[in-house]
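Engineer: Coordinates in data00.txt, compact mmCIF, C-alpha atoms, are listed below.
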# COMPACT_ATOMS: atom_id res chain seq x y z
CA MET A 39 23.86 -11.92 7.55
CA LYS A 40 23.00 -8.29 6.90
CA THR A 41 25.02 -5.72 8.79
CA GLN A 42 23.31 -2.64 10.19
CA VAL A 43 24.83 -0.58 7.36
CA ASP A 44 23.45 -3.04 4.78
CA LYS A 45 20.00 -2.74 6.31
CA GLN A 46 20.17 1.05 6.27
CA ASP A 47 21.33 1.06 2.62
CA HIS A 48 18.55 -1.37 1.70
CA ALA A 49 15.92 0.77 3.45
CA GLN A 50 17.28 3.89 1.75
CA VAL A 51 17.06 2.26 -1.69
CA LYS A 52 13.49 1.18 -0.99
CA SER A 53 12.48 4.61 0.24
CA GLN A 54 13.91 6.12 -2.96
CA GLN A 55 11.92 3.60 -5.05
CA LEU A 56 8.61 4.45 -3.37
CA THR A 57 7.46 8.06 -3.60
CA VAL A 58 4.21 7.39 -1.71
CA LEU A 59 4.16 4.80 1.11
CA PRO A 60 1.18 2.50 1.88
CA GLU A 61 -0.13 4.58 4.77
CA ASP A 62 0.45 7.97 3.11
CA LYS A 63 -2.68 10.00 2.45
CA ILE A 64 -3.21 11.47 -1.01
CA SER A 65 -6.10 13.50 -2.39
CA PHE A 66 -9.33 11.95 -3.67
CA GLY A 67 -8.70 13.18 -7.23
CA LYS A 68 -5.16 11.85 -7.38
CA SER A 69 -6.26 8.51 -5.88
CA ALA A 70 -9.00 8.22 -8.52
CA VAL A 71 -6.60 8.87 -11.42
CA LEU A 72 -3.89 6.54 -10.10
CA GLY A 73 -6.48 3.88 -9.27
CA LEU A 74 -7.82 4.03 -12.81
CA GLN A 75 -4.28 3.40 -14.05
CA HIS A 76 -4.21 0.07 -12.18
CA VAL A 77 -7.68 -0.85 -13.44
CA LEU A 78 -6.73 -0.19 -17.07
CA ALA A 79 -3.69 -2.46 -16.78
CA MET A 80 -5.72 -5.39 -15.37
CA ASP A 81 -7.49 -7.79 -17.74
CA VAL A 82 -10.37 -8.43 -15.32
CA TYR A 83 -12.92 -8.88 -18.11
CA VAL A 84 -10.96 -11.75 -19.74
CA VAL A 85 -11.84 -14.52 -17.23
CA PRO A 86 -15.64 -14.06 -17.39
CA PHE A 87 -15.37 -13.71 -21.18
CA LEU A 88 -13.49 -17.04 -21.39
CA ILE A 89 -15.99 -18.77 -19.08
CA ALA A 90 -18.91 -17.48 -21.14
CA MET A 91 -17.24 -18.77 -24.30
CA LEU A 92 -16.29 -22.17 -22.83
CA ILE A 93 -19.73 -23.01 -21.43
CA GLY A 94 -21.70 -21.32 -24.21
CA LEU A 95 -23.52 -18.50 -22.42
CA GLY A 96 -25.75 -16.13 -24.41
CA SER A 97 -24.86 -12.45 -24.86
CA ASN A 98 -27.12 -11.28 -22.00
CA GLN A 99 -25.77 -13.93 -19.64
CA SER A 100 -22.18 -13.08 -20.66
CA SER A 101 -22.75 -9.38 -19.97
CA ALA A 102 -24.31 -10.20 -16.58
CA LEU A 103 -21.32 -12.39 -15.64
CA ILE A 104 -18.81 -9.69 -16.64
CA GLN A 105 -20.82 -7.14 -14.65
CA SER A 106 -20.87 -9.37 -11.54
CA THR A 107 -17.15 -10.03 -11.89
CA PHE A 108 -16.32 -6.31 -11.89
CA ILE A 109 -18.41 -5.67 -8.77
CA ALA A 110 -16.92 -8.72 -6.99
CA ALA A 111 -13.39 -7.56 -7.87
CA GLY A 112 -14.13 -4.08 -6.51
CA LEU A 113 -15.62 -5.24 -3.21
CA ALA A 114 -12.88 -7.88 -2.77
CA THR A 115 -10.16 -5.24 -3.35
CA ILE A 116 -11.66 -3.01 -0.65
CA VAL A 117 -12.00 -5.98 1.75
CA GLN A 118 -8.35 -7.04 1.38
CA THR A 119 -6.79 -3.57 1.23
CA TYR A 120 -8.70 -1.91 4.05
CA PHE A 121 -10.15 -4.55 6.33
CA CYS A 122 -8.13 -7.77 6.14
CA MET A 123 -4.58 -7.92 4.79
CA LYS A 124 -4.21 -4.12 4.72
CA LEU A 125 -1.62 -4.13 1.92
CA PRO A 126 -1.88 -2.18 -1.36
CA MET A 127 -3.29 -4.90 -3.58
CA ALA A 128 -6.08 -5.41 -6.09
CA GLN A 129 -8.29 -8.48 -6.40
CA GLY A 130 -9.65 -9.91 -9.61
CA PRO A 131 -11.04 -13.15 -11.07
CA SER A 132 -8.57 -16.03 -11.07
CA TYR A 133 -7.66 -18.14 -14.09
CA VAL A 134 -6.97 -21.16 -11.84
CA PRO A 135 -10.59 -22.42 -11.50
CA LEU A 136 -11.41 -22.23 -15.25
CA GLY A 137 -11.05 -25.97 -15.89
CA ALA A 138 -12.89 -26.91 -12.70
CA ILE A 139 -15.76 -24.53 -13.48
CA VAL A 140 -16.24 -26.02 -16.95
CA THR A 141 -16.04 -29.58 -15.53
CA ILE A 142 -18.54 -28.94 -12.69
CA TYR A 143 -20.89 -27.08 -15.03
CA ALA A 144 -20.95 -29.96 -17.55
CA ALA A 145 -21.14 -32.72 -14.90
CA SER A 146 -24.14 -31.02 -13.24
CA GLY A 147 -26.16 -30.93 -16.45
CA GLY A 148 -25.27 -27.46 -17.71
CA GLY A 149 -27.66 -24.51 -17.83
CA ALA A 150 -28.97 -23.05 -14.58
CA LEU A 151 -28.39 -26.33 -12.70
CA GLY A 152 -24.74 -26.44 -13.78
CA TRP A 153 -24.05 -22.83 -12.80
CA ASN A 154 -25.85 -23.23 -9.45
CA SER A 155 -23.61 -26.20 -8.70
CA VAL A 156 -20.50 -24.11 -9.52
CA LEU A 157 -21.67 -21.32 -7.19
CA GLY A 158 -22.65 -23.72 -4.39
CA ALA A 159 -19.23 -25.41 -4.46
CA SER A 160 -17.55 -21.97 -4.54
CA LEU A 161 -19.56 -20.87 -1.51
CA VAL A 162 -18.56 -23.88 0.61
CA GLY A 163 -14.92 -23.64 -0.47
CA ALA A 164 -14.80 -19.94 0.48
CA VAL A 165 -16.09 -20.72 3.99
CA LEU A 166 -13.35 -23.35 4.43
CA VAL A 167 -10.71 -20.81 3.33
CA ILE A 168 -11.97 -18.37 5.99
CA ILE A 169 -11.58 -21.15 8.60
CA LEU A 170 -8.01 -21.84 7.40
CA GLY A 171 -7.14 -18.18 7.93
CA TYR A 172 -8.99 -17.75 11.24
CA THR A 173 -7.29 -20.81 12.78
CA GLY A 174 -3.85 -19.83 11.42
CA ILE A 175 -3.31 -23.24 9.81
CA PHE A 176 -2.27 -21.84 6.43
CA ASN A 177 0.19 -19.41 8.05
CA LYS A 178 1.95 -22.30 9.83
CA ILE A 179 2.36 -24.02 6.48
CA VAL A 180 3.86 -20.85 4.93
CA LYS A 181 6.32 -20.32 7.82
CA SER A 182 7.53 -23.89 7.67
CA PHE A 183 7.86 -24.28 3.92
CA ILE A 184 8.67 -20.84 2.40
CA PRO A 185 12.07 -19.38 3.43
CA PRO A 186 13.61 -16.49 1.39
CA ILE A 187 15.12 -18.75 -1.30
CA VAL A 188 11.72 -20.38 -1.92
CA GLY A 189 9.77 -17.10 -1.54
CA GLY A 190 12.10 -15.33 -3.99
CA THR A 191 11.80 -18.20 -6.46
CA ILE A 192 7.99 -18.08 -6.26
CA ILE A 193 7.98 -14.32 -6.97
CA PHE A 194 10.39 -14.88 -9.86
CA ILE A 195 8.21 -17.58 -11.45
CA VAL A 196 5.06 -15.46 -11.01
CA GLY A 197 6.54 -12.92 -13.43
CA LEU A 198 8.08 -15.61 -15.62
CA SER A 199 4.79 -17.52 -15.97
CA LEU A 200 2.91 -14.39 -17.03
CA LEU A 201 5.51 -13.22 -19.55
CA PRO A 202 4.71 -15.78 -22.31
CA THR A 203 1.01 -14.85 -21.98
CA ALA A 204 1.86 -11.17 -22.34
CA ILE A 205 3.98 -11.79 -25.45
CA LYS A 206 2.38 -14.80 -27.16
CA ASP A 207 -1.33 -14.31 -26.37
CA ASN A 208 -1.61 -10.55 -25.88
CA ILE A 209 0.72 -9.51 -28.71
CA TYR A 210 1.40 -12.22 -31.30
CA GLY A 211 -1.95 -13.98 -30.84
CA ALA A 212 -4.21 -10.92 -30.41
CA THR A 213 -7.11 -10.90 -32.87
CA ASP A 214 -7.74 -7.13 -32.72
CA ALA A 215 -5.37 -6.45 -35.63
CA THR A 216 -2.72 -8.02 -37.87
CA ILE A 217 0.42 -9.38 -36.24
CA ASN A 218 2.48 -6.48 -37.64
CA GLN A 219 0.07 -3.95 -36.14
CA ASN A 220 -0.01 -5.83 -32.83
CA VAL A 221 3.79 -5.86 -32.55
CA LEU A 222 3.96 -2.16 -33.42
CA LEU A 223 1.25 -1.25 -30.86
CA ALA A 224 3.00 -3.29 -28.17
CA LEU A 225 6.35 -1.63 -28.94
CA ILE A 226 4.77 1.84 -28.85
CA SER A 227 3.05 1.33 -25.48
CA ALA A 228 6.16 -0.32 -23.97
CA ALA A 229 8.44 2.43 -25.32
CA VAL A 230 6.23 5.21 -23.92
CA LEU A 231 6.19 3.47 -20.53
CA ILE A 232 9.98 3.16 -20.46
CA LEU A 233 10.42 6.76 -21.71
CA PHE A 234 8.24 8.17 -18.92
CA VAL A 235 10.01 6.08 -16.26
CA ILE A 236 13.39 7.37 -17.56
CA LEU A 237 12.12 10.99 -17.53
CA GLY A 238 10.90 10.45 -13.98
CA SER A 239 14.35 9.23 -12.93
CA LEU A 240 16.22 12.04 -14.73
CA PHE A 241 14.20 14.85 -13.15
CA GLY A 242 14.05 13.37 -9.64
CA LYS A 243 11.21 14.75 -7.51
CA LYS A 244 10.25 17.22 -10.25
CA GLY A 245 9.76 14.31 -12.63
CA SER A 246 7.53 12.28 -10.31
CA LEU A 247 4.52 13.06 -12.50
CA PHE A 248 6.16 11.25 -15.44
CA ARG A 249 6.74 8.14 -13.35
CA VAL A 250 3.35 8.19 -11.61
CA THR A 251 1.34 8.45 -14.84
CA SER A 252 3.63 6.26 -16.97
CA VAL A 253 1.26 3.27 -17.24
CA MET A 254 -1.82 5.35 -18.05
CA VAL A 255 -0.02 7.50 -20.63
CA ALA A 256 1.41 4.35 -22.27
CA LEU A 257 -2.10 2.89 -22.59
CA ILE A 258 -3.55 6.16 -23.92
CA VAL A 259 -0.79 6.61 -26.52
CA GLY A 260 -1.25 2.97 -27.51
CA CYS A 261 -4.99 3.53 -28.02
CA VAL A 262 -4.38 6.72 -30.05
CA SER A 263 -1.92 4.77 -32.23
CA ALA A 264 -4.53 2.04 -32.68
CA GLN A 265 -7.01 4.70 -33.79
CA PHE A 266 -4.57 5.93 -36.46
CA MET A 267 -4.15 2.33 -37.63
CA GLY A 268 -7.93 1.93 -37.82
CA VAL A 269 -8.07 -0.95 -35.32
CA LEU A 270 -9.66 0.80 -32.32
CA ASP A 271 -13.26 -0.43 -32.10
CA PHE A 272 -15.70 1.43 -29.82
CA SER A 273 -18.89 -0.07 -31.28
CA ALA A 274 -19.51 -2.13 -28.11
CA VAL A 275 -19.27 1.06 -26.03
CA GLN A 276 -21.87 2.86 -28.17
CA SER A 277 -24.40 0.04 -27.87
CA ALA A 278 -23.92 -0.58 -24.12
CA ASN A 279 -26.23 0.92 -21.48
CA TRP A 280 -24.93 3.54 -19.06
CA PHE A 281 -26.57 1.81 -16.09
CA SER A 282 -27.69 -1.77 -15.58
CA MET A 283 -28.57 -3.74 -12.46
CA PRO A 284 -26.39 -6.73 -11.52
CA ARG A 285 -27.81 -10.21 -10.99
CA ILE A 286 -29.67 -10.87 -7.73
CA PRO A 287 -29.18 -14.11 -5.70
CA PHE A 288 -32.14 -16.53 -5.61
CA LYS A 289 -33.87 -14.46 -8.30
CA ASP A 290 -31.45 -14.66 -11.21
CA PHE A 291 -29.45 -17.62 -9.89
CA GLY A 292 -29.34 -20.03 -6.95
CA PHE A 293 -26.99 -22.45 -5.17
CA SER A 294 -26.92 -26.24 -5.25
CA PHE A 295 -24.49 -28.43 -3.33
CA ASP A 296 -22.94 -31.48 -4.95
CA PHE A 297 -20.32 -33.39 -2.93
CA SER A 298 -17.92 -34.11 -5.80
CA ALA A 299 -18.23 -30.50 -7.03
CA ILE A 300 -17.42 -29.22 -3.52
CA ILE A 301 -14.36 -31.49 -3.19
CA THR A 302 -13.15 -30.32 -6.60
CA MET A 303 -13.57 -26.65 -5.66
CA VAL A 304 -11.86 -27.11 -2.26
CA ILE A 305 -8.79 -28.46 -4.08
CA ILE A 306 -8.96 -25.46 -6.42
CA TYR A 307 -9.10 -23.06 -3.48
CA LEU A 308 -5.97 -24.64 -1.97
CA VAL A 309 -4.27 -24.15 -5.35
CA LEU A 310 -5.55 -20.57 -5.37
CA LEU A 311 -4.08 -19.86 -1.92
CA ALA A 312 -0.73 -21.31 -2.93
CA GLU A 313 -0.71 -19.10 -6.02
CA THR A 314 -1.86 -15.89 -4.32
CA THR A 315 0.88 -16.32 -1.69
CA GLY A 316 3.37 -15.51 -4.46
CA THR A 317 1.50 -12.24 -5.10
CA TRP A 318 1.60 -11.38 -1.39
CA PHE A 319 5.36 -11.94 -1.30
CA ALA A 320 5.80 -9.82 -4.45
CA ILE A 321 3.85 -6.89 -2.98
CA SER A 322 5.55 -7.28 0.39
CA ASN A 323 8.96 -7.07 -1.28
CA VAL A 324 8.04 -4.05 -3.42
CA ILE A 325 6.83 -2.00 -0.44
CA ASP A 326 9.62 -3.38 1.82
CA LYS A 327 7.16 -4.53 4.46
CA PRO A 328 7.77 -8.16 5.53
CA LEU A 329 4.67 -10.33 5.81
CA THR A 330 3.72 -10.87 9.45
CA ASP A 331 1.72 -13.78 10.88
CA LYS A 332 -1.20 -11.37 11.25
CA ASN A 333 -0.89 -10.26 7.59
CA ILE A 334 -0.99 -13.82 6.29
CA ASN A 335 -3.84 -14.98 8.54
CA GLN A 336 -5.92 -11.90 7.71
CA GLY A 337 -4.99 -12.29 4.04
CA VAL A 338 -6.36 -15.83 3.97
CA VAL A 339 -9.52 -14.69 5.76
CA GLY A 340 -9.80 -11.83 3.27
CA GLU A 341 -9.34 -14.25 0.37
CA GLY A 342 -12.16 -16.39 1.75
CA ILE A 343 -14.47 -13.39 2.29
CA SER A 344 -13.65 -12.10 -1.21
CA CYS A 345 -14.53 -15.45 -2.79
CA LEU A 346 -17.69 -15.60 -0.66
CA ILE A 347 -18.72 -12.19 -2.01
CA ALA A 348 -17.94 -13.31 -5.57
CA ALA A 349 -20.10 -16.45 -5.21
CA GLY A 350 -22.88 -14.37 -3.63
CA LEU A 351 -22.86 -12.13 -6.71
CA GLY A 352 -22.96 -15.08 -9.07
CA SER A 353 -19.31 -14.73 -10.12
CA THR A 354 -16.18 -16.88 -9.86
CA PRO A 355 -13.34 -17.02 -7.26
CA VAL A 356 -11.05 -13.99 -7.01
CA THR A 357 -7.40 -13.63 -6.07
CA GLY A 358 -4.68 -11.00 -5.66
CA TYR A 359 -3.25 -9.73 -8.98
CA SER A 360 0.54 -9.71 -9.18
CA THR A 361 0.34 -7.17 -12.04
CA ASN A 362 -0.19 -4.43 -9.47
CA ALA A 363 3.10 -5.18 -7.71
CA GLY A 364 4.91 -4.39 -10.96
CA ILE A 365 2.92 -1.17 -11.41
CA ILE A 366 3.78 -0.08 -7.84
CA SER A 367 7.46 -0.66 -8.67
CA ILE A 368 7.19 1.41 -11.85
CA THR A 369 5.16 4.33 -10.45
CA GLY A 370 6.50 4.36 -6.88
CA ILE A 371 2.94 4.83 -5.57
CA ALA A 372 1.93 2.32 -2.87
CA SER A 373 -0.82 4.22 -1.04
CA ARG A 374 -3.74 2.05 0.04
CA ARG A 375 -6.03 4.95 -0.85
CA VAL A 376 -5.21 4.31 -4.51
CA PHE A 377 -6.44 0.74 -4.13
CA LEU A 378 -9.59 1.90 -2.41
CA ALA A 379 -10.12 3.89 -5.62
CA VAL A 380 -9.39 0.73 -7.65
CA GLY A 381 -12.19 -1.01 -5.78
CA GLY A 382 -14.50 1.95 -6.36
CA TRP A 383 -13.77 1.99 -10.11
CA PHE A 384 -14.49 -1.73 -10.42
CA VAL A 385 -17.85 -1.37 -8.66
CA LEU A 386 -18.68 1.61 -10.89
CA PHE A 387 -17.77 -0.36 -14.01
CA GLY A 388 -19.93 -3.23 -12.74
CA PHE A 389 -23.00 -0.99 -12.65
CA SER A 390 -22.21 0.67 -15.98
CA GLY A 391 -22.15 -1.49 -19.07
CA LYS A 392 -20.73 1.42 -21.10
CA LEU A 393 -17.70 1.91 -18.84
CA ALA A 394 -17.04 -1.83 -18.70
CA ALA A 395 -17.20 -1.99 -22.49
CA LEU A 396 -14.73 0.93 -22.66
CA ILE A 397 -12.17 -1.05 -20.64
CA SER A 398 -12.61 -4.14 -22.79
CA SER A 399 -12.14 -2.04 -25.97
CA ILE A 400 -8.47 -1.29 -25.24
CA PRO A 401 -6.53 -3.25 -27.90
CA THR A 402 -5.04 -6.44 -26.45
CA ALA A 403 -1.58 -5.69 -27.88
CA VAL A 404 -1.50 -2.28 -26.13
CA ILE A 405 -2.10 -3.98 -22.78
CA GLY A 406 0.41 -6.68 -23.78
CA GLY A 407 3.19 -4.14 -24.30
CA VAL A 408 2.72 -2.72 -20.81
CA PHE A 409 2.04 -6.15 -19.29
CA ALA A 410 5.35 -7.56 -20.60
CA ILE A 411 7.33 -4.81 -18.81
CA VAL A 412 5.33 -5.37 -15.63
CA CYS A 413 6.06 -9.14 -15.73
CA GLY A 414 9.78 -8.43 -16.01
CA ILE A 415 9.63 -6.09 -13.02
CA ILE A 416 7.87 -8.76 -10.93
CA SER A 417 10.58 -11.33 -11.73
CA ILE A 418 13.33 -8.85 -10.81
CA ASN A 419 11.63 -8.36 -7.43
CA GLY A 420 11.98 -12.10 -6.87
CA ILE A 421 15.71 -11.90 -7.60
CA GLN A 422 15.99 -9.05 -5.08
CA VAL A 423 14.49 -11.27 -2.38
CA MET A 424 17.16 -13.90 -3.08
CA LYS A 425 20.13 -11.51 -3.40
CA ASN A 426 21.21 -11.97 0.24
CA VAL A 427 21.00 -15.78 0.02
CA THR A 428 24.26 -17.62 -0.68
CA ILE A 429 23.66 -19.52 -3.92
CA ARG A 430 25.24 -22.96 -3.57
CA GLU A 431 24.45 -26.12 -5.54
CA LYS A 432 21.22 -26.79 -3.62
CA GLU A 433 19.96 -23.24 -4.19
CA MET A 434 20.77 -23.48 -7.91
CA TYR A 435 18.42 -26.43 -8.27
CA ILE A 436 15.73 -24.76 -6.14
CA ILE A 437 15.72 -21.85 -8.62
CA ALA A 438 16.46 -23.67 -11.90
CA ILE A 439 14.00 -26.58 -11.78
CA PRO A 440 10.90 -24.44 -10.96
CA MET A 441 12.01 -22.03 -13.71
CA ILE A 442 12.18 -24.89 -16.25
CA LEU A 443 8.91 -26.35 -14.97
CA THR A 444 7.15 -22.98 -15.29
CA LEU A 445 8.10 -22.58 -18.94
CA ALA A 446 7.33 -26.24 -19.66
CA LEU A 447 3.80 -25.90 -18.29
CA VAL A 448 3.16 -22.52 -19.91
CA LEU A 449 4.06 -24.07 -23.27
CA ILE A 450 2.42 -27.50 -22.70
CA PRO A 451 0.03 -28.46 -25.54
CA LYS A 452 -3.56 -28.28 -24.28
CA ASP A 453 -4.49 -31.45 -26.17
CA PHE A 454 -1.90 -33.39 -24.13
CA LEU A 455 -2.95 -31.73 -20.85
CA TYR A 456 -6.60 -32.78 -21.34
CA THR A 457 -5.58 -36.46 -21.71
CA LEU A 458 -4.28 -36.49 -18.12
CA PRO A 459 -6.38 -37.35 -15.01
CA THR A 460 -8.54 -34.45 -13.80
CA PHE A 461 -6.55 -33.81 -10.60
CA VAL A 462 -3.28 -33.75 -12.56
CA GLN A 463 -4.88 -31.25 -14.95
CA TYR A 464 -5.66 -28.96 -12.00
CA LEU A 465 -2.09 -29.30 -10.72
CA LEU A 466 -0.33 -28.76 -14.04
CA GLY A 467 -2.88 -26.23 -15.28
CA SER A 468 -1.37 -23.66 -12.89
CA PRO A 469 2.36 -23.25 -13.66
CA ILE A 470 2.77 -21.06 -10.55
CA LEU A 471 1.34 -23.75 -8.26
CA ALA A 472 3.34 -26.62 -9.78
CA ALA A 473 6.61 -24.66 -9.78
CA SER A 474 5.99 -23.39 -6.23
CA LEU A 475 5.44 -26.94 -4.99
CA ALA A 476 8.63 -28.00 -6.77
CA ALA A 477 10.62 -25.21 -5.03
CA ILE A 478 9.17 -26.17 -1.64
CA LEU A 479 9.89 -29.89 -2.09
CA LEU A 480 13.42 -29.32 -3.41
CA ASN A 481 14.20 -27.08 -0.42
CA LYS A 482 13.03 -29.81 1.96
CA LEU A 483 14.47 -32.84 0.15
CA LEU A 484 17.86 -31.67 -1.16
CA PRO A 485 20.64 -32.01 1.45
CA ASN A 486 22.48 -28.93 2.70
CA GLU A 487 26.19 -28.69 1.94
CA LYS A 488 28.44 -29.47 4.91
As a first step, turn the structure in this file into structure tokens.
Structural biologist:
Amino acid sequence: MKTQVDKQDHAQVKSQQLTVLPEDKISFGKSAVLGLQHVLAMDVYVVPFLIAMLIGLGSNQSSALIQSTFIAAGLATIVQTYFCMKLPMAQGPSYVPLGAIVTIYAASGGGALGWNSVLGASLVGAVLVIILGYTGIFNKIVKSFIPPIVGGTIIFIVGLSLLPTAIKDNIYGATDATINQNVLLALISAAVLILFVILGSLFGKKGSLFRVTSVMVALIVGCVSAQFMGVLDFSAVQSANWFSMPRIPFKDFGFSFDFSAIITMVIIYLVLLAETTGTWFAISNVIDKPLTDKNINQGVVGEGISCLIAAGLGSTPVTGYSTNAGIISITGIASRRVFLAVGGWFVLFGFSGKLAALISSIPTAVIGGVFAIVCGIISINGIQVMKNVTIREKEMYIIAIPMILTLALVLIPKDFLYTLPTFVQYLLGSPILAASLAAILLNKLLPNEK
């Protein structure tokens, strides 16, 4: 057990890590700049781009989907940060429903009918999530099944599961440039980030500016380097419109309700909640504010409302982004005002095709270099949660098996995954979910040492 001195030391360390606390008020200008830093580090445009590619949408439809996704992410961020969970967090489109969306779309005949079926199922699922939060059912599940050893493991695997994506897909596999250029761009952006964090630590309070702007400066230097290499492409920005209206419900799209599609999406939403819980724990640990029953219940309600908004805008389900927990750790800025600005930026980008195109023009490897550092920081936060737990044989397995499972599922060949039954695909398609379930089951099934 922690002694009073241990608790005081822990609180002092946390207060030194955070230079701006969640409830601290900072100026509008500073919030806007710091919020933009979070936005630049989030790959919000990737999910709608993948969906458009997988189901074969035309260029106008793809642009409309990306636009709707930005607006949904912005409104959802404001809902969670200011009205529901009230923690510094950003919402964005989830990768979890990708397979389900493609399956529902194809099974419903594709085209407008297929997309209406996806949106109808998303709408019903979101309402059920709101009910889960309002009744407190999901919170009871969390309290019973996620003690510190499991919670810490989940945070650890969140970072671990994202790390191969950051390195393999965003750096080695990026198509923006050659592999040599990608590696160099990633190293430059990562090195600038680390340099600014070190300068911030060396100069203490006087160096806070280095730490606060470290992510943004790393991305800017990375883009400038890409320009010198001749791989920075702004052609999409030049051709995009400054202002464009988003899609309107019942005019540009509708909702249809298919029972099997709804059941599929309800399962996906439960997966989504299990995954986003890891993000909540990560943010809670970074800001040293334990999750209360009220936080979790309101968070689930907020998740449901956010997904309801997304479906109403013709977009896909959203979730909390764990990337932001790592950025909070690096910059020390946890003010909710910054995340209000994040929401504002997303909405602005959603109404401006030119600004949205500007975000998507940042070279993938530049984001990958920053993203890899952020993933490492998230995993370290998970270890911090577990540091006061006595690691015996049972605890070793609770940590080790989910860790192995996470890497196994991140690296699983897609051809093999698609041969499995649909439900198993949903389960194994999310390494965070599968590994989290493994940690929960091992904690319940393995006997305690006498």
Engineer: Can you list every residue of segment 398-444 of chain A that has an atom at most 7 Å from segment 460-474 of chain A, with its nearest atom pair and the distance in Å to one decimal, using all atoms listed in the file, ordered by chain then number, as CSV?
Structural biologist:
residue,atom,partner,partner_atom,distance
A:Pro440,CA,A:Ala473,CA,4.5
A:Leu443,CA,A:Ala473,CA,5.9
A:Thr444,CA,A:Pro469,CA,5.1
Engineer: Please indicate the distance in Å from atom CA of Gly316 of chain A to atom CA of Ile192 of chain A, rounded to one decimal place.
Structural biologist: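 Calculated distance between atom CA of Gly316 of chain A and atom CA of Ile192 of chain A is 5.6 Å.
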Engineer: Please provide the set of residues having any atom within 9 Å of segment 396-405 of chain A, restricted to all atoms listed in the file, with same-chain residues fewer than 2 positions apart removed, written as a ChimeraX atom specification.
Structural biologist: /A:77-84,204-205,207-215,219-228,256-261,264,269-275,387,391-394,407-410
Engineer: Keeping C-alpha atoms for every residue in the selection just given, could you write it to a file as a tab-separated table (two decimals), keeping the file's coordinate frame?
Structural biologist:
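Printed below is again.tsv as written:
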chain	number	residue	atom	x	y	z
A	77	VAL	CA	-7.68	-0.85	-13.44
A	78	LEU	CA	-6.73	-0.19	-17.07
A	79	ALA	CA	-3.69	-2.46	-16.78
A	80	MET	CA	-5.72	-5.39	-15.37
A	81	ASP	CA	-7.49	-7.79	-17.74
A	82	VAL	CA	-10.37	-8.43	-15.32
A	83	TYR	CA	-12.92	-8.88	-18.11
A	84	VAL	CA	-10.96	-11.75	-19.74
A	204	ALA	CA	1.86	-11.17	-22.34
A	205	ILE	CA	3.98	-11.79	-25.45
A	207	ASP	CA	-1.33	-14.31	-26.37
A	208	ASN	CA	-1.61	-10.55	-25.88
A	209	ILE	CA	0.72	-9.51	-28.71
A	210	TYR	CA	1.40	-12.22	-31.30
A	211	GLY	CA	-1.95	-13.98	-30.84
A	212	ALA	CA	-4.21	-10.92	-30.41
A	213	THR	CA	-7.11	-10.90	-32.87
A	214	ASP	CA	-7.74	-7.13	-32.72
A	215	ALA	CA	-5.37	-6.45	-35.63
A	219	GLN	CA	0.07	-3.95	-36.14
A	220	ASN	CA	-0.01	-5.83	-32.83
A	221	VAL	CA	3.79	-5.86	-32.55
A	222	LEU	CA	3.96	-2.16	-33.42
A	223	LEU	CA	1.25	-1.25	-30.86
A	224	ALA	CA	3.00	-3.29	-28.17
A	225	LEU	CA	6.35	-1.63	-28.94
A	226	ILE	CA	4.77	1.84	-28.85
A	227	SER	CA	3.05	1.33	-25.48
A	228	ALA	CA	6.16	-0.32	-23.97
A	256	ALA	CA	1.41	4.35	-22.27
A	257	LEU	CA	-2.10	2.89	-22.59
A	258	ILE	CA	-3.55	6.16	-23.92
A	259	VAL	CA	-0.79	6.61	-26.52
A	260	GLY	CA	-1.25	2.97	-27.51
A	261	CYS	CA	-4.99	3.53	-28.02
A	264	ALA	CA	-4.53	2.04	-32.68
A	269	VAL	CA	-8.07	-0.95	-35.32
A	270	LEU	CA	-9.66	0.80	-32.32
A	271	ASP	CA	-13.26	-0.43	-32.10
A	272	PHE	CA	-15.70	1.43	-29.82
A	273	SER	CA	-18.89	-0.07	-31.28
A	274	ALA	CA	-19.51	-2.13	-28.11
A	275	VAL	CA	-19.27	1.06	-26.03
A	387	PHE	CA	-17.77	-0.36	-14.01
A	391	GLY	CA	-22.15	-1.49	-19.07
A	392	LYS	CA	-20.73	1.42	-21.10
A	393	LEU	CA	-17.70	1.91	-18.84
A	394	ALA	CA	-17.04	-1.83	-18.70
A	407	GLY	CA	3.19	-4.14	-24.30
A	408	VAL	CA	2.72	-2.72	-20.81
A	409	PHE	CA	2.04	-6.15	-19.29
A	410	ALA	CA	5.35	-7.56	-20.60
Engineer: Need the shell around Asp290 of chain A: protein/DNA/RNA residues with any atom at most 12 Å away, counting all atoms listed in the file. Skip same-chain ones fewer than 4 positions apart. Format as JSON, numbers by chain?
Structural biologist: {"A": [99, 102, 103, 106, 150, 153, 154, 283, 284, 285, 286, 350, 351, 352]}
Engineer: Within 12 Å of segment 428-434 of chain A, counting all atoms listed in the file, which residues qualify if same-chain residues fewer than 6 places away don't, as a PyMOL selection string?
Structural biologist: chain A and resi 39+185-188+190-191+421+440-441+477-488
Engineer: If I take atom CA of Thr369 of chain A and atom CA of Ser65 of chain A, how far is one from the other in Å, to one decimal?
Structural biologist: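 So the answer is 16.6 Å.
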Engineer: Mind giving me the straight-line distance from atom CA of Ile365 of chain A to atom CA of Val117 of chain A in Å, one decimal?
Structural biologist: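 Between atom CA of Ile365 of chain A and atom CA of Val117 of chain A the gap works out to 20.5 Å.
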Engineer: Find, counting all atoms listed in the file, the residue in A:Ser353, A:Ser252, A:Thr314, A:Asn177 that gets nearest to Lys332 of chain A.
Structural biologist: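 Between A:Ser353, A:Ser252, A:Thr314, A:Asn177, the residue approaching Lys332 of chain A most closely is A:Asn177.
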